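Asks: Enclosed is the structure file entry12.pdb (PDB, C-alpha atoms, pLDDT in the B column).
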MODEL        1
ATOM      1  CA  MET K   1      68.495 230.352  69.684  1.00 46.00           C
ATOM      2  CA  LYS K   2      66.021 230.005  72.506  1.00 48.00           C
ATOM      3  CA  ARG K   3      64.835 226.602  73.736  1.00 47.00           C
ATOM      4  CA  ARG K   4      61.340 227.102  72.293  1.00 43.00           C
ATOM      5  CA  GLU K   5      62.768 228.021  68.858  1.00 42.00           C
ATOM      6  CA  LEU K   6      65.053 224.991  68.975  1.00 36.00           C
ATOM      7  CA  LEU K   7      62.164 222.661  69.795  1.00 35.00           C
ATOM      8  CA  LYS K   8      60.011 224.213  67.065  1.00 37.00           C
ATOM      9  CA  ALA K   9      62.799 223.861  64.504  1.00 38.00           C
ATOM     10  CA  GLY K  10      63.367 220.250  65.556  1.00 39.00           C
ATOM     11  CA  ALA K  11      59.676 219.421  65.276  1.00 36.00           C
ATOM     12  CA  SER K  12      59.480 221.050  61.840  1.00 33.00           C
ATOM     13  CA  ALA K  13      62.487 219.080  60.633  1.00 36.00           C
ATOM     14  CA  ALA K  14      60.918 215.856  61.880  1.00 37.00           C
ATOM     15  CA  VAL K  15      57.642 216.583  60.087  1.00 34.00           C
ATOM     16  CA  LEU K  16      59.407 217.558  56.861  1.00 33.00           C
ATOM     17  CA  SER K  17      61.465 214.367  56.916  1.00 37.00           C
ATOM     18  CA  ILE K  18      58.243 212.334  56.976  1.00 37.00           C
ATOM     19  CA  VAL K  19      56.453 214.173  54.175  1.00 35.00           C
ATOM     20  CA  PRO K  20      58.488 212.802  51.219  1.00 41.00           C
ATOM     21  CA  TRP K  21      58.032 209.254  52.494  1.00 39.00           C
ATOM     22  CA  GLN K  22      54.275 209.721  52.848  1.00 47.00           C
ATOM     23  CA  THR K  23      54.088 211.325  49.432  1.00 49.00           C
ATOM     24  CA  GLN K  24      56.183 208.506  47.945  1.00 60.00           C
ATOM     25  CA  ALA K  25      53.944 205.842  49.533  1.00 72.00           C
ATOM     26  CA  ALA K  26      50.801 207.603  48.277  1.00 76.00           C
ATOM     27  CA  ASP K  27      52.314 207.880  44.780  1.00 75.00           C
ATOM     28  CA  VAL K  28      53.182 204.171  44.844  1.00 77.00           C
ATOM     29  CA  ARG K  29      49.674 203.176  45.943  1.00 80.00           C
ATOM     30  CA  ALA K  30      48.080 205.404  43.296  1.00 76.00           C
ATOM     31  CA  GLY K  31      50.422 204.044  40.639  1.00 76.00           C
ATOM     32  CA  LEU K  32      49.708 200.439  41.558  1.00 85.00           C
ATOM     33  CA  LEU K  33      46.002 201.142  41.087  1.00 82.00           C
ATOM     34  CA  SER K  34      46.329 202.949  37.765  1.00 79.00           C
ATOM     35  CA  SER K  35      49.423 201.690  35.946  1.00 84.00           C
ATOM     36  CA  ASP K  36      49.607 198.856  33.452  1.00 90.00           C
ATOM     37  CA  LEU K  37      53.319 198.357  34.065  1.00 88.00           C
ATOM     38  CA  VAL K  38      55.919 198.221  36.763  1.00 89.00           C
ATOM     39  CA  TYR K  39      59.654 198.222  36.203  1.00 86.00           C
ATOM     40  CA  LEU K  40      61.596 195.831  38.365  1.00 87.00           C
ATOM     41  CA  SER K  41      65.087 194.728  39.192  1.00 86.00           C
ATOM     42  CA  PRO K  42      66.285 192.096  41.638  1.00 89.00           C
ATOM     43  CA  ILE K  43      68.677 193.578  44.182  1.00 90.00           C
ATOM     44  CA  LYS K  44      71.968 191.721  44.397  1.00 85.00           C
ATOM     45  CA  SER K  45      73.466 190.733  47.758  1.00 85.00           C
ATOM     46  CA  ASP K  46      75.865 193.702  47.569  1.00 89.00           C
ATOM     47  CA  GLY K  47      72.864 196.068  47.340  1.00 87.00           C
ATOM     48  CA  SER K  48      73.311 196.941  43.677  1.00 81.00           C
ATOM     49  CA  LEU K  49      70.594 196.476  41.085  1.00 80.00           C
ATOM     50  CA  SER K  50      70.732 193.492  38.801  1.00 73.00           C
ATOM     51  CA  SER K  51      71.265 194.067  35.098  1.00 71.00           C
ATOM     52  CA  CYS K  52      68.022 192.106  34.612  1.00 70.00           C
ATOM     53  CA  GLN K  53      65.621 195.024  34.499  1.00 68.00           C
ATOM     54  CA  ALA K  54      62.305 195.030  32.694  1.00 73.00           C
ATOM     55  CA  GLU K  55      58.907 196.572  32.332  1.00 79.00           C
ATOM     56  CA  ILE K  56      56.284 193.977  33.072  1.00 87.00           C
ATOM     57  CA  TRP K  57      52.565 193.365  33.463  1.00 93.00           C
ATOM     58  CA  PHE K  58      51.419 192.872  37.030  1.00 94.00           C
ATOM     59  CA  VAL K  59      48.334 192.385  39.158  1.00 95.00           C
ATOM     60  CA  MET K  60      47.689 193.118  42.794  1.00 94.00           C
ATOM     61  CA  MET K  61      46.048 190.751  45.256  1.00 93.00           C
ATOM     62  CA  GLY K  62      45.833 192.554  48.559  1.00 89.00           C
ATOM     63  CA  THR K  63      49.234 194.137  49.084  1.00 88.00           C
ATOM     64  CA  ASP K  64      51.038 191.459  47.064  1.00 94.00           C
ATOM     65  CA  LEU K  65      52.132 192.055  43.492  1.00 95.00           C
ATOM     66  CA  TYR K  66      52.149 189.134  41.019  1.00 97.00           C
ATOM     67  CA  VAL K  67      53.965 188.766  37.715  1.00 96.00           C
ATOM     68  CA  CYS K  68      54.071 185.858  35.309  1.00 97.00           C
ATOM     69  CA  THR K  69      57.417 185.617  33.574  1.00 95.00           C
ATOM     70  CA  ALA K  70      59.672 183.302  31.611  1.00 95.00           C
ATOM     71  CA  THR K  71      61.243 180.724  33.915  1.00 97.00           C
ATOM     72  CA  SER K  72      64.568 181.279  32.137  1.00 95.00           C
ATOM     73  CA  SER K  73      64.632 184.969  33.167  1.00 91.00           C
ATOM     74  CA  TRP K  74      66.843 186.091  36.035  1.00 87.00           C
ATOM     75  CA  ARG K  75      63.832 187.586  37.844  1.00 88.00           C
ATOM     76  CA  ALA K  76      62.321 184.062  37.977  1.00 93.00           C
ATOM     77  CA  GLN K  77      65.608 182.389  38.917  1.00 93.00           C
ATOM     78  CA  ALA K  78      66.637 184.963  41.538  1.00 92.00           C
ATOM     79  CA  PRO K  79      64.231 183.903  44.342  1.00 95.00           C
ATOM     80  CA  ARG K  80      65.191 180.258  43.816  1.00 94.00           C
ATOM     81  CA  LYS K  81      68.804 181.295  44.440  1.00 92.00           C
ATOM     82  CA  GLY K  82      67.990 183.351  47.532  1.00 93.00           C
ATOM     83  CA  VAL K  83      68.023 186.748  45.797  1.00 92.00           C
ATOM     84  CA  ILE K  84      64.645 187.863  47.098  1.00 94.00           C
ATOM     85  CA  ASN K  85      64.884 191.650  47.447  1.00 94.00           C
ATOM     86  CA  THR K  86      63.467 193.506  44.462  1.00 92.00           C
ATOM     87  CA  GLN K  87      63.190 197.163  43.504  1.00 90.00           C
ATOM     88  CA  PHE K  88      60.036 198.325  41.711  1.00 90.00           C
ATOM     89  CA  TRP K  89      59.291 201.584  39.948  1.00 86.00           C
ATOM     90  CA  VAL K  90      55.581 202.169  39.438  1.00 86.00           C
ATOM     91  CA  GLY K  91      54.282 203.715  36.226  1.00 80.00           C
ATOM     92  CA  ASP K  92      54.181 203.184  32.492  1.00 73.00           C
ATOM     93  CA  LEU K  93      56.844 204.923  30.419  1.00 71.00           C
ATOM     94  CA  GLY K  94      57.241 202.254  27.745  1.00 61.00           C
ATOM     95  CA  VAL K  95      60.177 199.970  27.046  1.00 62.00           C
ATOM     96  CA  TRP K  96      62.657 200.096  29.928  1.00 61.00           C
ATOM     97  CA  THR K  97      65.719 200.618  27.738  1.00 63.00           C
ATOM     98  CA  ARG K  98      64.219 203.877  26.429  1.00 65.00           C
ATOM     99  CA  ALA K  99      62.434 205.047  29.584  1.00 66.00           C
ATOM    100  CA  ASN K 100      63.614 207.122  32.504  1.00 73.00           C
ATOM    101  CA  TYR K 101      61.686 204.832  34.838  1.00 73.00           C
ATOM    102  CA  GLN K 102      64.016 205.474  37.777  1.00 78.00           C
ATOM    103  CA  SER K 103      62.251 208.835  38.157  1.00 79.00           C
ATOM    104  CA  LEU K 104      58.994 207.024  38.999  1.00 83.00           C
ATOM    105  CA  PRO K 105      57.749 206.308  42.533  1.00 84.00           C
ATOM    106  CA  LYS K 106      59.499 203.249  43.908  1.00 87.00           C
ATOM    107  CA  VAL K 107      58.904 200.492  46.399  1.00 89.00           C
ATOM    108  CA  LYS K 108      60.777 197.390  47.476  1.00 91.00           C
ATOM    109  CA  GLY K 109      59.383 193.898  47.612  1.00 93.00           C
ATOM    110  CA  ILE K 110      60.326 190.415  48.723  1.00 96.00           C
ATOM    111  CA  ALA K 111      60.112 187.804  45.947  1.00 96.00           C
ATOM    112  CA  SER K 112      58.911 184.239  46.141  1.00 97.00           C
ATOM    113  CA  VAL K 113      57.797 181.683  43.596  1.00 98.00           C
ATOM    114  CA  GLU K 114      54.042 181.206  43.869  1.00 98.00           C
ATOM    115  CA  THR K 115      53.039 177.543  43.860  1.00 97.00           C
ATOM    116  CA  ASP K 116      49.537 177.704  45.347  1.00 97.00           C
ATOM    117  CA  GLU K 117      47.211 176.746  42.487  1.00 97.00           C
ATOM    118  CA  ALA K 118      44.276 178.770  43.844  1.00 97.00           C
ATOM    119  CA  ARG K 119      46.390 181.941  44.072  1.00 97.00           C
ATOM    120  CA  ILE K 120      47.822 181.326  40.608  1.00 98.00           C
ATOM    121  CA  GLU K 121      44.319 180.926  39.187  1.00 98.00           C
ATOM    122  CA  SER K 122      43.126 184.070  40.964  1.00 97.00           C
ATOM    123  CA  ALA K 123      46.113 185.997  39.598  1.00 97.00           C
ATOM    124  CA  LEU K 124      45.457 184.721  36.072  1.00 98.00           C
ATOM    125  CA  GLN K 125      41.831 185.843  36.296  1.00 97.00           C
ATOM    126  CA  LEU K 126      42.976 189.299  37.413  1.00 96.00           C
ATOM    127  CA  PHE K 127      45.474 189.439  34.533  1.00 97.00           C
ATOM    128  CA  GLY K 128      42.622 188.608  32.153  1.00 97.00           C
ATOM    129  CA  GLN K 129      40.475 191.417  33.546  1.00 96.00           C
ATOM    130  CA  LYS K 130      43.244 194.002  33.675  1.00 94.00           C
ATOM    131  CA  TYR K 131      44.762 193.213  30.269  1.00 95.00           C
ATOM    132  CA  SER K 132      41.603 192.147  28.441  1.00 96.00           C
ATOM    133  CA  SER K 133      42.711 193.562  25.079  1.00 95.00           C
ATOM    134  CA  GLY K 134      45.845 191.378  24.977  1.00 94.00           C
ATOM    135  CA  TRP K 135      44.607 188.432  27.011  1.00 96.00           C
ATOM    136  CA  GLY K 136      43.427 186.478  23.959  1.00 95.00           C
ATOM    137  CA  THR K 137      47.099 186.152  22.988  1.00 96.00           C
ATOM    138  CA  TRP K 138      48.822 186.216  26.368  1.00 95.00           C
ATOM    139  CA  GLY K 139      46.307 184.248  28.459  1.00 96.00           C
ATOM    140  CA  PRO K 140      47.043 180.924  26.715  1.00 97.00           C
ATOM    141  CA  ARG K 141      50.779 181.679  26.781  1.00 97.00           C
ATOM    142  CA  PHE K 142      50.679 182.304  30.530  1.00 97.00           C
ATOM    143  CA  ARG K 143      48.504 179.259  31.269  1.00 97.00           C
ATOM    144  CA  ASN K 144      50.368 176.861  28.975  1.00 98.00           C
ATOM    145  CA  GLY K 145      53.729 178.171  30.159  1.00 98.00           C
ATOM    146  CA  LEU K 146      52.795 177.679  33.801  1.00 98.00           C
ATOM    147  CA  LYS K 147      51.709 174.107  32.980  1.00 98.00           C
ATOM    148  CA  ASP K 148      54.833 173.169  31.027  1.00 98.00           C
ATOM    149  CA  GLY K 149      57.238 175.030  33.318  1.00 98.00           C
ATOM    150  CA  SER K 150      58.396 177.628  30.800  1.00 98.00           C
ATOM    151  CA  ARG K 151      56.702 180.374  32.854  1.00 98.00           C
ATOM    152  CA  THR K 152      56.765 181.122  36.572  1.00 98.00           C
ATOM    153  CA  MET K 153      54.315 183.061  38.715  1.00 98.00           C
ATOM    154  CA  LEU K 154      56.180 185.333  41.108  1.00 97.00           C
ATOM    155  CA  ARG K 155      54.711 186.900  44.216  1.00 97.00           C
ATOM    156  CA  TYR K 156      56.186 190.031  45.747  1.00 96.00           C
ATOM    157  CA  GLN K 157      55.298 191.160  49.234  1.00 94.00           C
ATOM    158  CA  LEU K 158      55.536 194.927  48.975  1.00 89.00           C
ATOM    159  CA  ALA K 159      56.733 197.317  51.650  1.00 82.00           C
ATOM    160  CA  VAL K 160      53.938 199.913  51.246  1.00 64.00           C
TER     161      VAL K 160
ENDMDL
END
So, in terms of structure tokens, how does the structure I just supplied come out?
Replies:
Amino acid sequence: MKRRELLKAGASAAVLSIVPWQTQAADVRAGLLSSDLVYLSPIKSDGSLSSCQAEIWFVMMGTDLYVCTATSSWRAQAPRKGVINTQFWVGDLGVWTRANYQSLPKVKGIASVETDEARIESALQLFGQKYSSGWGTWGPRFRNGLKDGSRTMLRYQLAV
């Protein structure tokens, strides 16, 4: 192989190695704009996925993803215990136990418990807009749960 052919082959390999990542990132961004659900799993310290996996409502504020979940759930307890890395799959395939969600575009995030009242209120307003058909039932549950401590607002800084 001549030097020029070697350089051309190397450049092509470099470009091709970038394409799936760019496609994946574009698929994630598109999914975050259009999907009603994400699937998530905290990532244990050994790198494996937690058995606490779920499909869940979410809203975006900037590049941060917010979920409101039962405080008793592992996804709400994990950041309090230092388990902050989370795997997300973006799309809506229904109940996670019956869905092949691991085929969806994926992104990782860093979890924290959101305590800023203004951000929580903004997130709740976005939930109400995004899920207007179910918000009459779930809005009071989210708000009352956040007040009495039975629900937690989680914020995920996404790597997109």
Asks: Could you produce a table of the residues of stretch 15-86 of chain K lying within 10 Å of stretch 111-131 of chain K, with the nearest pair of atoms per residue and their separation in Å rounded to one decimal, using all atoms listed in the file, ordered by chain and increasing residue number, as a Markdown table?
Replies:
| residue | atom | partner | partner_atom | distance |
| --- | --- | --- | --- | --- |
| K:Asp36 | CA | K:Lys130 | CA | 8.0 |
| K:Pro42 | CA | K:Ala111 | CA | 8.7 |
| K:Trp57 | CA | K:Phe127 | CA | 8.2 |
| K:Phe58 | CA | K:Phe127 | CA | 7.3 |
| K:Val59 | CA | K:Phe127 | CA | 6.2 |
| K:Met60 | CA | K:Ala123 | CA | 8.0 |
| K:Met61 | CA | K:Ala123 | CA | 7.4 |
| K:Asp64 | CA | K:Ala111 | CA | 9.8 |
| K:Leu65 | CA | K:Ala111 | CA | 9.4 |
| K:Tyr66 | CA | K:Ala123 | CA | 6.9 |
| K:Val67 | CA | K:Ala123 | CA | 8.5 |
| K:Cys68 | CA | K:Leu124 | CA | 8.7 |
| K:Arg75 | CA | K:Ala111 | CA | 8.9 |
| K:Ala76 | CA | K:Val113 | CA | 7.6 |
| K:Gln77 | CA | K:Val113 | CA | 9.1 |
| K:Ala78 | CA | K:Ala111 | CA | 8.4 |
| K:Pro79 | CA | K:Ser112 | CA | 5.6 |
| K:Arg80 | CA | K:Val113 | CA | 7.5 |
| K:Gly82 | CA | K:Ala111 | CA | 9.2 |
| K:Val83 | CA | K:Ala111 | CA | 8.0 |
| K:Ile84 | CA | K:Ala111 | CA | 4.7 |
| K:Asn85 | CA | K:Ala111 | CA | 6.3 |
| K:Thr86 | CA | K:Ala111 | CA | 6.8 |
Asks: Would you compute an axis-aligned box for stretch 117-127 of chain K, covering every atom listed for it in the file with 6 Å of margin on each side, and report centre and edge lengths in Å to one decimal as lines of an AutoDock Vina configuration file?
Replies:
center_x = 44.8
center_y = 183.1
center_z = 39.3
size_x = 18.0
size_y = 24.7
size_z = 21.5
Asks: Just how far from atom CA of K:Asp27 is atom CA of K:Asn100, in Å to one decimal?
Replies: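 The value is 16.7 Å.
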Asks: From the options K:Gly139, K:Ser73, K:Val90, K:Gly134, which residue's atoms come nearest to K:Ser34, counting all atoms listed in the file?
Replies: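 Smallest distance to K:Ser34 is found for K:Val90.
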Asks: Any idea what the distance is between atom CA of K:Val28 and atom CA of K:Ser41?
Replies: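 Calculated distance between atom CA of K:Val28 and atom CA of K:Ser41 is 16.2 Å.
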Asks: Of the candidates K:Gln157, K:Thr69, K:Thr63, K:Ser51, which shows the shortest atom-to-atom distance to K:Arg143, using all atoms listed in the file?
Replies: K:Thr69
Asks: Evaluate the PyMOL selection byres ((chain K and resi 38) around 6) and record the selected residues as a ChimeraX atom specification, following the chain and residue labels used in the document.
Replies: /K:37,39,55-56,89-91
Asks: Name the residues in contact with K:Val107 at a cut-off of 8 Å, using only C-alpha atoms, excluding same-chain residues fewer than 2 positions from it; report them as a PyMOL selection string.
Replies: chain K and resi 25+28+87-90+105+109+158-160
Asks: Check the smallest atom-to-atom distance from each of K:Lys106, K:Arg155, K:Lys147, K:Arg141 to K:Leu32 using all atoms listed in the file, then report the winner.
Replies: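 Of all the options, K:Lys106 lies closest to K:Leu32.
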Asks: Between atom CA of K:Met153 and atom CA of K:Gly62, what is the distance in Å, rounded to a tenth?
Replies: 16.1 Å
Asks: Point out the residue among K:Leu40, K:Ser150, K:Asp92, K:Pro140 with the least atom-to-atom distance to K:Ala54, counting all atoms listed in the file.
Replies: K:Leu40
